[in-house]
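Visitor: Structure: work.pdb, PDB, C-alpha atoms.
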```pdb
MODEL        1
ATOM      1  CA  MET A   9      41.329  44.310  49.997
ATOM      2  CA  SER A  10      42.634  43.245  46.620
ATOM      3  CA  HIS A  11      40.552  43.495  43.506
ATOM      4  CA  GLN A  12      40.979  41.146  40.564
ATOM      5  CA  ALA A  13      41.778  43.102  37.445
ATOM      6  CA  GLN A  14      38.807  43.413  35.137
ATOM      7  CA  PRO A  15      39.249  43.573  31.372
ATOM      8  CA  SER A  16      38.478  47.009  30.067
ATOM      9  CA  ALA A  17      35.518  47.554  27.831
ATOM     10  CA  ALA A  18      37.877  48.969  25.233
ATOM     11  CA  SER A  19      39.509  45.559  24.801
ATOM     12  CA  GLU A  20      36.266  43.955  23.722
ATOM     13  CA  PRO A  21      35.636  43.869  19.968
ATOM     14  CA  GLU A  22      32.978  46.333  18.909
ATOM     15  CA  THR A  23      31.924  44.243  15.926
ATOM     16  CA  PRO A  24      32.061  40.544  15.055
ATOM     17  CA  HIS A  25      34.674  39.251  12.652
ATOM     18  CA  LEU A  26      33.723  40.601   9.254
ATOM     19  CA  ASP A  27      36.680  39.957   6.976
ATOM     20  CA  PHE A  28      36.880  36.484   5.394
ATOM     21  CA  ALA A  29      39.111  35.317   2.588
ATOM     22  CA  GLY A  30      36.259  33.610   0.759
ATOM     23  CA  THR A  31      32.589  33.116   1.515
ATOM     24  CA  THR A  32      31.456  33.394   5.126
ATOM     25  CA  PRO A  33      31.529  30.309   7.384
ATOM     26  CA  TYR A  34      27.745  30.674   7.646
ATOM     27  CA  GLU A  35      27.402  30.438   3.876
ATOM     28  CA  ASP A  36      29.798  27.491   3.733
ATOM     29  CA  TYR A  37      27.610  25.586   6.209
ATOM     30  CA  VAL A  38      24.061  26.652   5.324
ATOM     31  CA  LYS A  39      24.478  27.245   1.563
ATOM     32  CA  ALA A  40      22.023  30.130   1.862
ATOM     33  CA  ASP A  41      23.086  31.600  -1.474
ATOM     34  CA  VAL A  42      22.145  28.340  -3.178
ATOM     35  CA  LEU A  43      18.809  28.112  -1.373
ATOM     36  CA  THR A  44      17.769  31.694  -2.078
ATOM     37  CA  HIS A  45      18.534  31.462  -5.792
ATOM     38  CA  LEU A  46      16.518  28.323  -6.507
ATOM     39  CA  GLN A  47      13.332  30.267  -7.184
ATOM     40  CA  HIS A  48      12.527  30.645 -10.886
ATOM     41  CA  THR A  49       8.937  31.713 -11.336
ATOM     42  CA  LEU A  50       7.173  31.032 -14.638
ATOM     43  CA  SER A  51       4.457  33.682 -14.506
ATOM     44  CA  ASP A  52       4.195  37.385 -13.766
ATOM     45  CA  ASP A  53       1.861  36.835 -10.838
ATOM     46  CA  PRO A  54       3.482  37.896  -7.525
ATOM     47  CA  GLY A  55       1.633  35.110  -5.702
ATOM     48  CA  GLU A  56       3.592  32.442  -7.559
ATOM     49  CA  MET A  57       6.725  33.266  -5.542
ATOM     50  CA  VAL A  58       4.866  32.494  -2.301
ATOM     51  CA  PHE A  59       3.611  29.207  -3.729
ATOM     52  CA  LEU A  60       7.047  28.197  -5.001
ATOM     53  CA  VAL A  61       8.991  29.069  -1.842
ATOM     54  CA  THR A  62       6.395  27.444   0.419
ATOM     55  CA  THR A  63       6.562  24.271  -1.645
ATOM     56  CA  GLN A  64      10.354  24.255  -1.451
ATOM     57  CA  VAL A  65      10.178  24.724   2.320
ATOM     58  CA  MET A  66       7.831  21.726   2.486
ATOM     59  CA  GLU A  67      10.431  19.648   0.634
ATOM     60  CA  LEU A  68      13.065  20.600   3.226
ATOM     61  CA  TRP A  69      10.749  19.555   6.055
ATOM     62  CA  PHE A  70      10.042  16.261   4.253
ATOM     63  CA  THR A  71      13.793  15.689   4.166
ATOM     64  CA  VAL A  72      14.379  16.209   7.877
ATOM     65  CA  ILE A  73      11.303  14.173   8.853
ATOM     66  CA  VAL A  74      12.513  11.255   6.712
ATOM     67  CA  HIS A  75      15.839  11.549   8.531
ATOM     68  CA  GLU A  76      14.108  11.387  11.921
ATOM     69  CA  TRP A  77      11.953   8.380  11.000
ATOM     70  CA  GLU A  78      14.888   6.508   9.499
ATOM     71  CA  THR A  79      16.810   7.238  12.705
ATOM     72  CA  ALA A  80      13.883   5.886  14.730
ATOM     73  CA  ALA A  81      13.597   2.773  12.548
ATOM     74  CA  ALA A  82      17.310   2.005  12.923
ATOM     75  CA  ALA A  83      17.075   2.471  16.701
ATOM     76  CA  LEU A  84      14.073   0.135  16.883
ATOM     77  CA  ARG A  85      16.025  -2.549  15.010
ATOM     78  CA  SER A  86      18.629  -2.279  17.770
ATOM     79  CA  ASP A  87      15.973  -2.273  20.526
ATOM     80  CA  ASP A  88      17.090   1.220  21.516
ATOM     81  CA  LEU A  89      13.665   2.627  22.301
ATOM     82  CA  PRO A  90      14.874   5.840  24.018
ATOM     83  CA  VAL A  91      16.686   6.926  20.838
ATOM     84  CA  ALA A  92      13.668   5.971  18.720
ATOM     85  CA  ILE A  93      11.245   7.865  20.963
ATOM     86  CA  ALA A  94      13.503  10.941  20.968
ATOM     87  CA  ALA A  95      13.603  10.961  17.144
ATOM     88  CA  LEU A  96       9.826  10.565  16.938
ATOM     89  CA  LYS A  97       9.298  13.411  19.393
ATOM     90  CA  ARG A  98      11.598  15.666  17.372
ATOM     91  CA  SER A  99       9.630  14.778  14.265
ATOM     92  CA  THR A 100       6.386  15.967  15.865
ATOM     93  CA  ARG A 101       7.831  19.478  16.180
ATOM     94  CA  GLU A 102       8.949  19.261  12.563
ATOM     95  CA  LEU A 103       5.528  18.026  11.470
ATOM     96  CA  GLU A 104       3.955  20.989  13.249
ATOM     97  CA  ALA A 105       6.234  23.318  11.273
ATOM     98  CA  LEU A 106       5.455  21.421   8.061
ATOM     99  CA  ASN A 107       1.720  21.680   8.688
ATOM    100  CA  ALA A 108       2.069  25.419   9.284
ATOM    101  CA  SER A 109       3.318  25.671   5.690
ATOM    102  CA  TRP A 110      -0.312  25.480   4.580
ATOM    103  CA  LYS A 111      -1.052  28.856   6.183
ATOM    104  CA  PRO A 112       0.406  30.950   3.317
ATOM    105  CA  LEU A 113      -1.541  28.823   0.826
ATOM    106  CA  GLY A 114      -4.673  27.975   2.783
ATOM    107  CA  GLN A 115      -6.666  31.066   1.791
ATOM    108  CA  LEU A 116      -5.989  31.124  -1.936
ATOM    109  CA  THR A 117      -9.094  31.990  -3.929
ATOM    110  CA  PRO A 118      -9.711  30.166  -7.231
ATOM    111  CA  ALA A 119      -8.837  33.343  -9.152
ATOM    112  CA  GLN A 120      -5.545  33.753  -7.275
ATOM    113  CA  PHE A 121      -4.541  30.141  -7.855
ATOM    114  CA  ASN A 122      -5.620  30.210 -11.495
ATOM    115  CA  SER A 123      -3.380  33.231 -12.111
ATOM    116  CA  TYR A 124      -0.295  30.995 -12.032
ATOM    117  CA  ARG A 125      -1.688  27.462 -12.075
ATOM    118  CA  SER A 126      -0.790  27.021 -15.742
ATOM    119  CA  ALA A 127       2.879  27.488 -14.789
ATOM    120  CA  LEU A 128       2.717  24.157 -12.952
ATOM    121  CA  GLY A 129       1.854  22.289 -16.139
ATOM    122  CA  GLU A 130       1.569  18.634 -15.123
ATOM    123  CA  GLY A 131       3.531  19.259 -11.930
ATOM    124  CA  SER A 132       1.936  18.043  -8.703
ATOM    125  CA  GLY A 133       2.978  17.462  -5.115
ATOM    126  CA  PHE A 134       1.850  13.904  -5.789
ATOM    127  CA  GLN A 135       5.181  13.570  -7.641
ATOM    128  CA  SER A 136       7.389  14.560  -4.677
ATOM    129  CA  ALA A 137       9.973  11.805  -4.165
ATOM    130  CA  MET A 138      10.809  12.845  -0.616
ATOM    131  CA  TYR A 139       7.149  12.924   0.367
ATOM    132  CA  ARG A 140       6.833   9.444  -1.135
ATOM    133  CA  ARG A 141       9.658   8.282   1.115
ATOM    134  CA  MET A 142       7.719   9.681   4.073
ATOM    135  CA  GLU A 143       4.658   7.722   3.023
ATOM    136  CA  PHE A 144       6.695   4.523   2.572
ATOM    137  CA  LEU A 145       8.108   4.910   6.092
ATOM    138  CA  LEU A 146       4.533   5.205   7.374
ATOM    139  CA  GLY A 147       3.673   1.890   5.685
ATOM    140  CA  GLU A 148       1.795   3.495   2.776
ATOM    141  CA  LYS A 149       3.673   1.588   0.074
ATOM    142  CA  SER A 150       2.925   1.019  -3.596
ATOM    143  CA  ALA A 151       5.357   0.024  -6.332
ATOM    144  CA  SER A 152       3.369   2.084  -8.835
ATOM    145  CA  MET A 153       4.521   5.234  -7.037
ATOM    146  CA  LEU A 154       8.020   4.639  -8.420
ATOM    147  CA  VAL A 155       6.830   4.996 -12.018
ATOM    148  CA  PRO A 156       6.935   8.838 -12.163
ATOM    149  CA  HIS A 157      10.619   8.742 -11.170
ATOM    150  CA  ARG A 158      11.957   6.337 -13.802
ATOM    151  CA  GLY A 159      13.677   9.237 -15.559
ATOM    152  CA  ALA A 160      15.721  10.131 -12.444
ATOM    153  CA  PRO A 161      17.950   7.106 -11.679
ATOM    154  CA  ARG A 162      19.231   8.250  -8.280
ATOM    155  CA  VAL A 163      15.781   9.194  -7.007
ATOM    156  CA  HIS A 164      14.277   5.997  -8.399
ATOM    157  CA  ALA A 165      16.972   3.889  -6.693
ATOM    158  CA  GLU A 166      16.358   5.615  -3.339
ATOM    159  CA  LEU A 167      12.619   4.981  -3.603
ATOM    160  CA  GLU A 168      13.163   1.360  -4.656
ATOM    161  CA  LYS A 169      15.373   0.858  -1.594
ATOM    162  CA  ALA A 170      12.732   2.433   0.674
ATOM    163  CA  LEU A 171      10.037   0.246  -0.883
ATOM    164  CA  GLN A 172      11.968  -2.936  -0.097
ATOM    165  CA  GLU A 173      12.947  -1.970   3.464
ATOM    166  CA  PRO A 174      10.740  -2.397   6.542
ATOM    167  CA  SER A 175       8.652   0.669   7.262
ATOM    168  CA  LEU A 176       8.903   2.461  10.579
ATOM    169  CA  TYR A 177       5.760   0.655  11.740
ATOM    170  CA  ASP A 178       7.075  -2.742  10.589
ATOM    171  CA  GLU A 179      10.013  -2.164  12.940
ATOM    172  CA  VAL A 180       7.599  -1.257  15.735
ATOM    173  CA  VAL A 181       5.624  -4.482  15.248
ATOM    174  CA  ARG A 182       8.862  -6.476  15.349
ATOM    175  CA  VAL A 183       9.727  -4.822  18.663
ATOM    176  CA  LEU A 184       6.338  -5.903  20.031
ATOM    177  CA  ALA A 185       7.138  -9.486  18.995
ATOM    178  CA  ARG A 186      10.590  -9.392  20.605
ATOM    179  CA  ARG A 187       9.029  -8.048  23.797
ATOM    180  CA  GLY A 188       6.871 -11.181  24.057
ATOM    181  CA  TYR A 189       3.594 -10.168  22.424
ATOM    182  CA  ALA A 190       1.930 -12.804  20.246
ATOM    183  CA  ILE A 191       2.587 -11.480  16.752
ATOM    184  CA  PRO A 192       2.108 -14.333  14.228
ATOM    185  CA  ASP A 193       4.578 -15.163  11.477
ATOM    186  CA  ALA A 194       2.006 -14.060   8.905
ATOM    187  CA  VAL A 195       2.536 -10.519  10.175
ATOM    188  CA  LEU A 196       6.283 -10.663  10.748
ATOM    189  CA  GLN A 197       6.984 -12.275   7.381
ATOM    190  CA  ARG A 198       4.519 -10.293   5.278
ATOM    191  CA  ASP A 199       5.639  -8.718   2.012
ATOM    192  CA  ILE A 200       6.961  -5.402   3.296
ATOM    193  CA  SER A 201       6.872  -3.853  -0.176
ATOM    194  CA  LEU A 202       3.072  -3.778   0.101
ATOM    195  CA  ARG A 203       0.868  -1.317   1.970
ATOM    196  CA  TYR A 204       0.509  -2.161   5.656
ATOM    197  CA  GLU A 205      -2.948  -3.452   6.529
ATOM    198  CA  PRO A 206      -4.191  -3.825  10.147
ATOM    199  CA  PHE A 207      -3.944  -7.149  11.989
ATOM    200  CA  ASP A 208      -6.008  -8.324  14.957
ATOM    201  CA  ALA A 209      -2.896  -9.622  16.716
ATOM    202  CA  VAL A 210      -1.201  -6.229  16.551
ATOM    203  CA  GLU A 211      -4.355  -4.578  17.886
ATOM    204  CA  ALA A 212      -4.373  -7.096  20.771
ATOM    205  CA  ALA A 213      -0.729  -6.315  21.526
ATOM    206  CA  TRP A 214      -1.393  -2.582  21.722
ATOM    207  CA  THR A 215      -4.481  -3.243  23.856
ATOM    208  CA  ALA A 216      -2.262  -5.117  26.310
ATOM    209  CA  VAL A 217       0.375  -2.349  26.238
ATOM    210  CA  TYR A 218      -2.210   0.337  26.970
ATOM    211  CA  SER A 219      -3.813  -1.743  29.696
ATOM    212  CA  GLY A 220      -0.518  -1.642  31.606
ATOM    213  CA  ALA A 221       1.485   1.157  33.176
ATOM    214  CA  GLU A 222       1.215   4.432  31.297
ATOM    215  CA  ASP A 223       4.895   5.218  31.836
ATOM    216  CA  ALA A 224       6.096   1.875  30.485
ATOM    217  CA  GLU A 225       8.535   2.138  27.588
ATOM    218  CA  LEU A 226       6.230   0.586  24.993
ATOM    219  CA  ALA A 227       3.355   2.817  26.086
ATOM    220  CA  ARG A 228       5.570   5.867  25.632
ATOM    221  CA  LEU A 229       6.555   4.570  22.203
ATOM    222  CA  GLY A 230       2.879   4.126  21.358
ATOM    223  CA  GLU A 231       2.076   7.693  22.352
ATOM    224  CA  ALA A 232       4.993   9.098  20.357
ATOM    225  CA  LEU A 233       3.735   7.184  17.314
ATOM    226  CA  THR A 234       0.188   8.394  17.932
ATOM    227  CA  ASP A 235       1.401  12.004  18.016
ATOM    228  CA  VAL A 236       3.046  11.421  14.639
ATOM    229  CA  ALA A 237      -0.083   9.766  13.232
ATOM    230  CA  GLU A 238      -2.315  12.602  14.415
ATOM    231  CA  LEU A 239      -0.112  15.232  12.788
ATOM    232  CA  VAL A 240       0.015  13.257   9.534
ATOM    233  CA  TRP A 241      -3.794  13.175   9.598
ATOM    234  CA  ARG A 242      -3.852  16.941  10.173
ATOM    235  CA  TRP A 243      -1.432  17.442   7.264
ATOM    236  CA  ARG A 244      -3.717  15.498   4.951
ATOM    237  CA  ASN A 245      -6.799  17.401   6.097
ATOM    238  CA  ASP A 246      -5.105  20.796   5.799
ATOM    239  CA  HIS A 247      -4.024  19.813   2.285
ATOM    240  CA  LEU A 248      -7.592  18.833   1.487
ATOM    241  CA  VAL A 249      -9.048  22.100   2.799
ATOM    242  CA  ALA A 250      -6.453  24.261   1.013
ATOM    243  CA  THR A 251      -7.081  22.441  -2.266
ATOM    244  CA  ARG A 252     -10.856  22.589  -1.939
ATOM    245  CA  ARG A 253     -10.649  26.308  -1.268
ATOM    246  CA  ALA A 254      -8.304  27.033  -4.189
ATOM    247  CA  MET A 255      -9.842  24.850  -6.896
ATOM    248  CA  GLY A 256     -13.026  23.211  -5.695
ATOM    249  CA  SER A 257     -13.640  19.770  -7.164
ATOM    250  CA  LYS A 258     -11.753  20.315 -10.431
ATOM    251  CA  PRO A 259      -9.155  17.685 -11.437
ATOM    252  CA  GLY A 260      -5.787  18.242  -9.807
ATOM    253  CA  THR A 261      -2.577  19.163 -11.558
ATOM    254  CA  GLY A 262      -0.672  16.142 -12.813
ATOM    255  CA  GLY A 263      -3.882  14.310 -13.680
ATOM    256  CA  SER A 264      -4.922  13.420 -10.132
ATOM    257  CA  ALA A 265      -8.546  13.395  -9.023
ATOM    258  CA  GLY A 266      -7.878  16.465  -6.891
ATOM    259  CA  VAL A 267     -10.180  16.857  -3.904
ATOM    260  CA  ALA A 268     -11.745  13.392  -4.337
ATOM    261  CA  TRP A 269      -8.337  11.734  -4.031
ATOM    262  CA  LEU A 270      -7.369  13.877  -1.025
ATOM    263  CA  GLU A 271     -10.663  13.052   0.706
ATOM    264  CA  LYS A 272      -9.907   9.357   0.376
ATOM    265  CA  ARG A 273      -6.406   9.885   1.805
ATOM    266  CA  ALA A 274      -7.722  11.956   4.706
ATOM    267  CA  ARG A 275      -9.980   9.101   5.839
ATOM    268  CA  LYS A 276      -7.037   6.741   6.374
ATOM    269  CA  ASN A 277      -5.166   6.501   9.665
ATOM    270  CA  VAL A 278      -1.525   5.529   9.789
ATOM    271  CA  PHE A 279      -0.498   3.027  12.502
ATOM    272  CA  PRO A 280      -4.132   1.860  12.497
ATOM    273  CA  GLU A 281      -4.098  -0.540  15.460
ATOM    274  CA  LEU A 282      -2.887   2.228  17.763
ATOM    275  CA  TRP A 283      -6.277   3.857  17.189
ATOM    276  CA  THR A 284      -8.560   0.827  17.264
ATOM    277  CA  ALA A 285      -6.899  -0.685  20.342
ATOM    278  CA  ARG A 286      -8.153   2.234  22.446
ATOM    279  CA  SER A 287     -11.697   0.925  22.157
ATOM    280  CA  HIS A 288     -10.660  -2.245  24.036
ATOM    281  CA  VAL A 289      -8.781  -0.699  26.976
TER     282      VAL A 289
ENDMDL
END
```
Take the structure I supplied and represent it as structure tokens, if you would.

Guide:
Amino acid sequence: MSHQAQPSAASEPETPHLDFAGTTPYEDYVKADVLTHLQHTLSDDPGEMVFLVTTQVMELWFTVIVHEWETAAAALRSDDLPVAIAALKRSTRELEALNASWKPLGQLTPAQFNSYRSALGEGSGFQSAMYRRMEFLLGEKSASMLVPHRGAPRVHAELEKALQEPSLYDEVVRVLARRGYAIPDAVLQRDISLRYEPFDAVEAAWTAVYSGAEDAELARLGEALTDVAELVWRWRNDHLVATRRAMGSKPGTGGSAGVAWLEKRARKNVFPELWTARSHV
């Protein structure tokens, strides 16, 4: 009985390839050296490093979530709902990771936060351009939100472009119209640079969708959007709780109203008709 020759264990490399002419292929792709040297604390408090790195991680999650929602919006324009739903589902996992970013910050005492708060100066997450792009994609638009970025031409141009483009939810409503639901021209031709406000016709369309088969494509799209909306709501509430715990009702950095402003944001639902339609099914 013949036996196929087996490679000897001695022929297998004992270690991975270690010798590279320049930087490692991992570094070339990930740019880890750049990422891990972007932290420049402004106080002597050791807690500031946690705050700074966590905030930078949040910015990276904002970036990938914007990518997913822009992918979904482009797919919706092409009536490719499977690609749109897949991008939205990926974004829910990313939103979960983003929301978990509050855990290192969520138990800051006022004394701990005050120990390096002055290092922030007038800096505030309210000024995050990538977070603003997230909000614009959700339909939460306002031209005044471009004002803080006038000194950064590239960032300002990207936000101006996002302001003038249909939001993710605008694209969803247009899909509903193309699928035969009675969406009036007043909705389809609204000024998309303004904040999205709920419409009875869109609520009626979602009521009809949810009154049909649960596995229908539009129903699955609706549920993917609802998952996103729920996690956005949780993000806003976790932000509110972390801020209330760290600074109470004092004014926020950057001149915002702090907790009062966050409370107002936390009461708003994105994709509003997806929530109200459920009362009519």

Visitor: With the cut-off set at 12 Å and counting all atoms listed in the file, tabulate each residue of segment 156-236 of chain A with an atom at most that distance from an atom of segment 64-76 of chain A, showing the nearest atom pair and its distance in Å to one decimal, ordered by chain and increasing number, as JSON lines.

Guide:
```
{"residue": "A:Ala170", "atom": "CA", "partner": "A:Val74", "partner_atom": "CA", "distance": 10.7}
{"residue": "A:Ser175", "atom": "CA", "partner": "A:Val74", "partner_atom": "CA", "distance": 11.3}
{"residue": "A:Leu176", "atom": "CA", "partner": "A:Val74", "partner_atom": "CA", "distance": 10.3}
{"residue": "A:Val236", "atom": "CA", "partner": "A:Ile73", "partner_atom": "CA", "distance": 10.5}
```

Visitor: Please enumerate the residues selected by the PyMOL selection byres ((chain A and resi 282-288) around 12) when evaluated against the supplied file, formatted as a PDB file with C-alpha atoms, in the frame of the given file.

Guide:
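File produced: part17.pdb:
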```
ATOM      1  CA  TYR A 177       5.760   0.655  11.740  1.00  0.00           C
ATOM      2  CA  VAL A 180       7.599  -1.257  15.735  1.00  0.00           C
ATOM      3  CA  VAL A 181       5.624  -4.482  15.248  1.00  0.00           C
ATOM      4  CA  PRO A 206      -4.191  -3.825  10.147  1.00  0.00           C
ATOM      5  CA  PHE A 207      -3.944  -7.149  11.989  1.00  0.00           C
ATOM      6  CA  ASP A 208      -6.008  -8.324  14.957  1.00  0.00           C
ATOM      7  CA  ALA A 209      -2.896  -9.622  16.716  1.00  0.00           C
ATOM      8  CA  VAL A 210      -1.201  -6.229  16.551  1.00  0.00           C
ATOM      9  CA  GLU A 211      -4.355  -4.578  17.886  1.00  0.00           C
ATOM     10  CA  ALA A 212      -4.373  -7.096  20.771  1.00  0.00           C
ATOM     11  CA  ALA A 213      -0.729  -6.315  21.526  1.00  0.00           C
ATOM     12  CA  TRP A 214      -1.393  -2.582  21.722  1.00  0.00           C
ATOM     13  CA  THR A 215      -4.481  -3.243  23.856  1.00  0.00           C
ATOM     14  CA  ALA A 216      -2.262  -5.117  26.310  1.00  0.00           C
ATOM     15  CA  VAL A 217       0.375  -2.349  26.238  1.00  0.00           C
ATOM     16  CA  TYR A 218      -2.210   0.337  26.970  1.00  0.00           C
ATOM     17  CA  SER A 219      -3.813  -1.743  29.696  1.00  0.00           C
ATOM     18  CA  LEU A 226       6.230   0.586  24.993  1.00  0.00           C
ATOM     19  CA  ALA A 227       3.355   2.817  26.086  1.00  0.00           C
ATOM     20  CA  LEU A 229       6.555   4.570  22.203  1.00  0.00           C
ATOM     21  CA  GLY A 230       2.879   4.126  21.358  1.00  0.00           C
ATOM     22  CA  GLU A 231       2.076   7.693  22.352  1.00  0.00           C
ATOM     23  CA  ALA A 232       4.993   9.098  20.357  1.00  0.00           C
ATOM     24  CA  LEU A 233       3.735   7.184  17.314  1.00  0.00           C
ATOM     25  CA  THR A 234       0.188   8.394  17.932  1.00  0.00           C
ATOM     26  CA  ASP A 235       1.401  12.004  18.016  1.00  0.00           C
ATOM     27  CA  VAL A 236       3.046  11.421  14.639  1.00  0.00           C
ATOM     28  CA  ALA A 237      -0.083   9.766  13.232  1.00  0.00           C
ATOM     29  CA  GLU A 238      -2.315  12.602  14.415  1.00  0.00           C
ATOM     30  CA  LYS A 276      -7.037   6.741   6.374  1.00  0.00           C
ATOM     31  CA  ASN A 277      -5.166   6.501   9.665  1.00  0.00           C
ATOM     32  CA  VAL A 278      -1.525   5.529   9.789  1.00  0.00           C
ATOM     33  CA  PHE A 279      -0.498   3.027  12.502  1.00  0.00           C
ATOM     34  CA  PRO A 280      -4.132   1.860  12.497  1.00  0.00           C
ATOM     35  CA  GLU A 281      -4.098  -0.540  15.460  1.00  0.00           C
ATOM     36  CA  VAL A 289      -8.781  -0.699  26.976  1.00  0.00           C
TER      37      VAL A 289
END
```

Visitor: Would you compute the distance between atom CA of Ser126 of chain A and atom CA of Ala274 of chain A? Give it in Å to one decimal.

Guide: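 Going from atom CA of Ser126 of chain A over to atom CA of Ala274 of chain A covers 26.3 Å.
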
Visitor: Could you state the separation of atom CA of Pro118 of chain A and atom CA of Leu103 of chain A in Å, given to one decimal place?

Guide: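 Value for the atom CA of Pro118 of chain A-atom CA of Leu103 of chain A distance: 27.0 Å.
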
Visitor: Just say which residues the PyMOL selection byres ((chain A and resi 94) around 10) picks in this file, as a list in words.

Guide: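 In the shown coordinates, the PyMOL selection byres ((chain A and resi 94) around 10) covers Glu76, Thr79, Ala80, Leu89, Pro90, Val91, Ala92, Ile93, Ala95, Leu96, Lys97, Arg98, Ser99, Leu229 and Ala232 of chain A.
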
Visitor: How about saving the chosen residues, C-alpha atoms kept, as a PDB file, in the coordinates of the input?

Guide:
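Result file again-v1.pdb:
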```pdb
ATOM      1  CA  GLU A  76      14.108  11.387  11.921  1.00  0.00           C
ATOM      2  CA  THR A  79      16.810   7.238  12.705  1.00  0.00           C
ATOM      3  CA  ALA A  80      13.883   5.886  14.730  1.00  0.00           C
ATOM      4  CA  LEU A  89      13.665   2.627  22.301  1.00  0.00           C
ATOM      5  CA  PRO A  90      14.874   5.840  24.018  1.00  0.00           C
ATOM      6  CA  VAL A  91      16.686   6.926  20.838  1.00  0.00           C
ATOM      7  CA  ALA A  92      13.668   5.971  18.720  1.00  0.00           C
ATOM      8  CA  ILE A  93      11.245   7.865  20.963  1.00  0.00           C
ATOM      9  CA  ALA A  95      13.603  10.961  17.144  1.00  0.00           C
ATOM     10  CA  LEU A  96       9.826  10.565  16.938  1.00  0.00           C
ATOM     11  CA  LYS A  97       9.298  13.411  19.393  1.00  0.00           C
ATOM     12  CA  ARG A  98      11.598  15.666  17.372  1.00  0.00           C
ATOM     13  CA  SER A  99       9.630  14.778  14.265  1.00  0.00           C
ATOM     14  CA  LEU A 229       6.555   4.570  22.203  1.00  0.00           C
ATOM     15  CA  ALA A 232       4.993   9.098  20.357  1.00  0.00           C
TER      16      ALA A 232
END
```

Visitor: Taking all atoms listed in the file into account, which of A:His247, A:Arg187, A:Asp53, A:Asp178 comes nearest Trp269 of chain A?

Guide: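 Residue with the minimum atom-to-atom distance to Trp269 of chain A: A:His247.
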
Visitor: Using atom CA of Leu202 of chain A and atom CA of Ser150 of chain A as the two end points, give the distance in Å to one decimal.

Guide: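 Straight-line distance from atom CA of Leu202 of chain A to atom CA of Ser150 of chain A works out to 6.1 Å.
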
Visitor: With N, CA, C and O atoms as the atom set, please write segment 64-75 of chain A from the structure just given, as a PDB file, in the first residue's frame.

Guide:
```pdb
ATOM      1  N   GLN A  64     -10.991  59.991  19.646  1.00  0.00           N
ATOM      2  CA  GLN A  64     -10.436  59.697  18.325  1.00  0.00           C
ATOM      3  C   GLN A  64     -11.027  58.410  17.753  1.00  0.00           C
ATOM      4  O   GLN A  64     -11.300  58.323  16.550  1.00  0.00           O
ATOM      5  N   VAL A  65     -11.231  57.422  18.603  1.00  0.00           N
ATOM      6  CA  VAL A  65     -11.876  56.180  18.159  1.00  0.00           C
ATOM      7  C   VAL A  65     -13.295  56.469  17.669  1.00  0.00           C
ATOM      8  O   VAL A  65     -13.746  55.923  16.645  1.00  0.00           O
ATOM      9  N   MET A  66     -14.015  57.326  18.381  1.00  0.00           N
ATOM     10  CA  MET A  66     -15.355  57.721  17.943  1.00  0.00           C
ATOM     11  C   MET A  66     -15.307  58.316  16.537  1.00  0.00           C
ATOM     12  O   MET A  66     -16.150  58.006  15.683  1.00  0.00           O
ATOM     13  N   GLU A  67     -14.315  59.170  16.277  1.00  0.00           N
ATOM     14  CA  GLU A  67     -14.205  59.784  14.955  1.00  0.00           C
ATOM     15  C   GLU A  67     -13.999  58.723  13.867  1.00  0.00           C
ATOM     16  O   GLU A  67     -14.540  58.836  12.762  1.00  0.00           O
ATOM     17  N   LEU A  68     -13.238  57.688  14.167  1.00  0.00           N
ATOM     18  CA  LEU A  68     -13.027  56.611  13.194  1.00  0.00           C
ATOM     19  C   LEU A  68     -14.329  55.850  12.934  1.00  0.00           C
ATOM     20  O   LEU A  68     -14.638  55.496  11.787  1.00  0.00           O
ATOM     21  N   TRP A  69     -15.103  55.614  13.994  1.00  0.00           N
ATOM     22  CA  TRP A  69     -16.396  54.952  13.793  1.00  0.00           C
ATOM     23  C   TRP A  69     -17.351  55.849  13.018  1.00  0.00           C
ATOM     24  O   TRP A  69     -18.095  55.373  12.149  1.00  0.00           O
ATOM     25  N   PHE A  70     -17.340  57.157  13.286  1.00  0.00           N
ATOM     26  CA  PHE A  70     -18.162  58.074  12.476  1.00  0.00           C
ATOM     27  C   PHE A  70     -17.824  57.900  10.998  1.00  0.00           C
ATOM     28  O   PHE A  70     -18.706  57.870  10.137  1.00  0.00           O
ATOM     29  N   THR A  71     -16.541  57.803  10.709  1.00  0.00           N
ATOM     30  CA  THR A  71     -16.078  57.727   9.323  1.00  0.00           C
ATOM     31  C   THR A  71     -16.606  56.478   8.624  1.00  0.00           C
ATOM     32  O   THR A  71     -17.089  56.550   7.483  1.00  0.00           O
ATOM     33  N   VAL A  72     -16.521  55.336   9.285  1.00  0.00           N
ATOM     34  CA  VAL A  72     -16.971  54.107   8.632  1.00  0.00           C
ATOM     35  C   VAL A  72     -18.492  54.058   8.528  1.00  0.00           C
ATOM     36  O   VAL A  72     -19.047  53.554   7.548  1.00  0.00           O
ATOM     37  N   ILE A  73     -19.192  54.629   9.508  1.00  0.00           N
ATOM     38  CA  ILE A  73     -20.658  54.649   9.451  1.00  0.00           C
ATOM     39  C   ILE A  73     -21.128  55.557   8.322  1.00  0.00           C
ATOM     40  O   ILE A  73     -22.071  55.217   7.587  1.00  0.00           O
ATOM     41  N   VAL A  74     -20.486  56.708   8.149  1.00  0.00           N
ATOM     42  CA  VAL A  74     -20.808  57.572   7.003  1.00  0.00           C
ATOM     43  C   VAL A  74     -20.603  56.807   5.703  1.00  0.00           C
ATOM     44  O   VAL A  74     -21.423  56.884   4.777  1.00  0.00           O
ATOM     45  N   HIS A  75     -19.524  56.061   5.621  1.00  0.00           N
ATOM     46  CA  HIS A  75     -19.270  55.241   4.423  1.00  0.00           C
ATOM     47  C   HIS A  75     -20.409  54.259   4.174  1.00  0.00           C
ATOM     48  O   HIS A  75     -20.877  54.106   3.035  1.00  0.00           O
TER      49      HIS A  75
END
```
